Amino acid sequence: MQKTFKHVAIVGAGLVGCGWAVVFALSGAEVKIYDENADARTGVLGRV
């Protein structure tokens with residue numbers, strides 16, 4: 001059985017977190033990325 005996610009939260013805006021964000025976004029999910037590091041948060045749109 002396949003499950004479809006409509007909303008996904010990613011903890012960590014590094015390479016792996018951004019990679020998973022792209023995978024879920026391309027599948028149609030709304031993705032929110034969380035990271036406590038301010039530099040990681042501001043640069044996430046450039047990596048995704």
# chains A, B, ... in the order shown; residues from 1 in each chain; ligands from 1
>>> select_by_dssp(residues="chain A", states="strand (DSSP E)", output="ChimeraX atom specification")
/A:7-11,30-34
>>> atom_distance(atom1="CA of Ala38 in chain A", atom2="CA of Val8 in chain A")
20.6 Å
>>> select_by_dssp(residues="chain A", states="helix (DSSP H, G or I)", output="list in words")
Leu15, Val16, Gly17, Cys18, Gly19, Trp20, Ala21, Val22, Val23, Phe24, Ala25, Leu26, Ala38, Asp39, Ala40, Arg41, Thr42, Gly43, Val44, Leu45, Gly46 and Arg47 of chain A
>>> write_last_selection(atoms="N, CA and C atoms", output="compact mmCIF listing (two decimals), in the first residue's frame")
# COMPACT_ATOMS: atom_id res chain seq x y z
N LEU A 15 22.41 19.68 3.51
CA LEU A 15 22.35 19.00 2.22
C LEU A 15 21.27 17.91 2.19
N VAL A 16 21.24 17.09 3.21
CA VAL A 16 20.27 15.98 3.25
C VAL A 16 18.85 16.50 3.42
N GLY A 17 18.65 17.44 4.33
CA GLY A 17 17.32 18.01 4.54
C GLY A 17 16.77 18.67 3.29
N CYS A 18 17.62 19.43 2.60
CA CYS A 18 17.18 20.08 1.36
C CYS A 18 16.88 19.05 0.28
N GLY A 19 17.67 17.99 0.24
CA GLY A 19 17.42 16.93 -0.73
C GLY A 19 16.07 16.27 -0.53
N TRP A 20 15.75 15.96 0.73
CA TRP A 20 14.43 15.37 1.02
C TRP A 20 13.32 16.37 0.74
N ALA A 21 13.56 17.63 1.00
CA ALA A 21 12.55 18.66 0.72
C ALA A 21 12.21 18.68 -0.76
N VAL A 22 13.21 18.57 -1.61
CA VAL A 22 12.97 18.55 -3.05
C VAL A 22 12.17 17.32 -3.44
N VAL A 23 12.53 16.17 -2.91
CA VAL A 23 11.82 14.92 -3.23
C VAL A 23 10.34 15.04 -2.87
N PHE A 24 10.05 15.51 -1.67
CA PHE A 24 8.65 15.62 -1.25
C PHE A 24 7.91 16.71 -2.01
N ALA A 25 8.57 17.83 -2.28
CA ALA A 25 7.93 18.92 -3.02
C ALA A 25 7.58 18.47 -4.44
N LEU A 26 8.48 17.75 -5.08
CA LEU A 26 8.20 17.26 -6.43
C LEU A 26 7.06 16.25 -6.46
N ALA A 38 20.47 30.21 11.89
CA ALA A 38 19.91 31.29 11.07
C ALA A 38 20.51 31.32 9.67
N ASP A 39 21.80 31.05 9.54
CA ASP A 39 22.43 31.05 8.22
C ASP A 39 21.86 29.94 7.34
N ALA A 40 21.60 28.80 7.92
CA ALA A 40 21.01 27.69 7.16
C ALA A 40 19.61 28.04 6.70
N ARG A 41 18.85 28.70 7.56
CA ARG A 41 17.47 29.08 7.20
C ARG A 41 17.45 30.09 6.06
N THR A 42 18.34 31.08 6.09
CA THR A 42 18.30 32.11 5.05
C THR A 42 18.83 31.59 3.72
N GLY A 43 19.67 30.57 3.72
CA GLY A 43 20.23 30.06 2.48
C GLY A 43 19.49 28.90 1.88
N VAL A 44 18.43 28.45 2.53
CA VAL A 44 17.74 27.24 2.07
C VAL A 44 17.10 27.41 0.69
N LEU A 45 16.55 28.56 0.39
CA LEU A 45 15.89 28.73 -0.91
C LEU A 45 16.88 28.65 -2.07
N GLY A 46 18.11 29.03 -1.83
CA GLY A 46 19.13 28.91 -2.87
C GLY A 46 19.56 27.48 -3.12
N ARG A 47 19.36 26.60 -2.15
CA ARG A 47 19.76 25.20 -2.29
C ARG A 47 18.63 24.31 -2.79
>>> atom_distance(atom1="CA of Phe5 in chain A", atom2="CA of Asp35 in chain A")
21.1 Å
>>> residues_around(residues="Ile33 in chain A", least_positions_apart="5", cutoff="7 Å", atoms="only C-alpha atoms", output="PyMOL selection string")
chain A and resi 9-13
>>> write_last_selection(atoms="C-alpha atoms", output="PDB file, in the first residue's frame")
ATOM      1  CA  ALA A   9       8.190  18.891   8.004  1.00  0.00           C
ATOM      2  CA  ILE A  10      11.954  18.599   7.548  1.00  0.00           C
ATOM      3  CA  VAL A  11      14.240  19.210  10.530  1.00  0.00           C
ATOM      4  CA  GLY A  12      17.601  20.436   9.286  1.00  0.00           C
ATOM      5  CA  ALA A  13      18.309  22.662   6.288  1.00  0.00           C
TER       6      ALA A  13
END
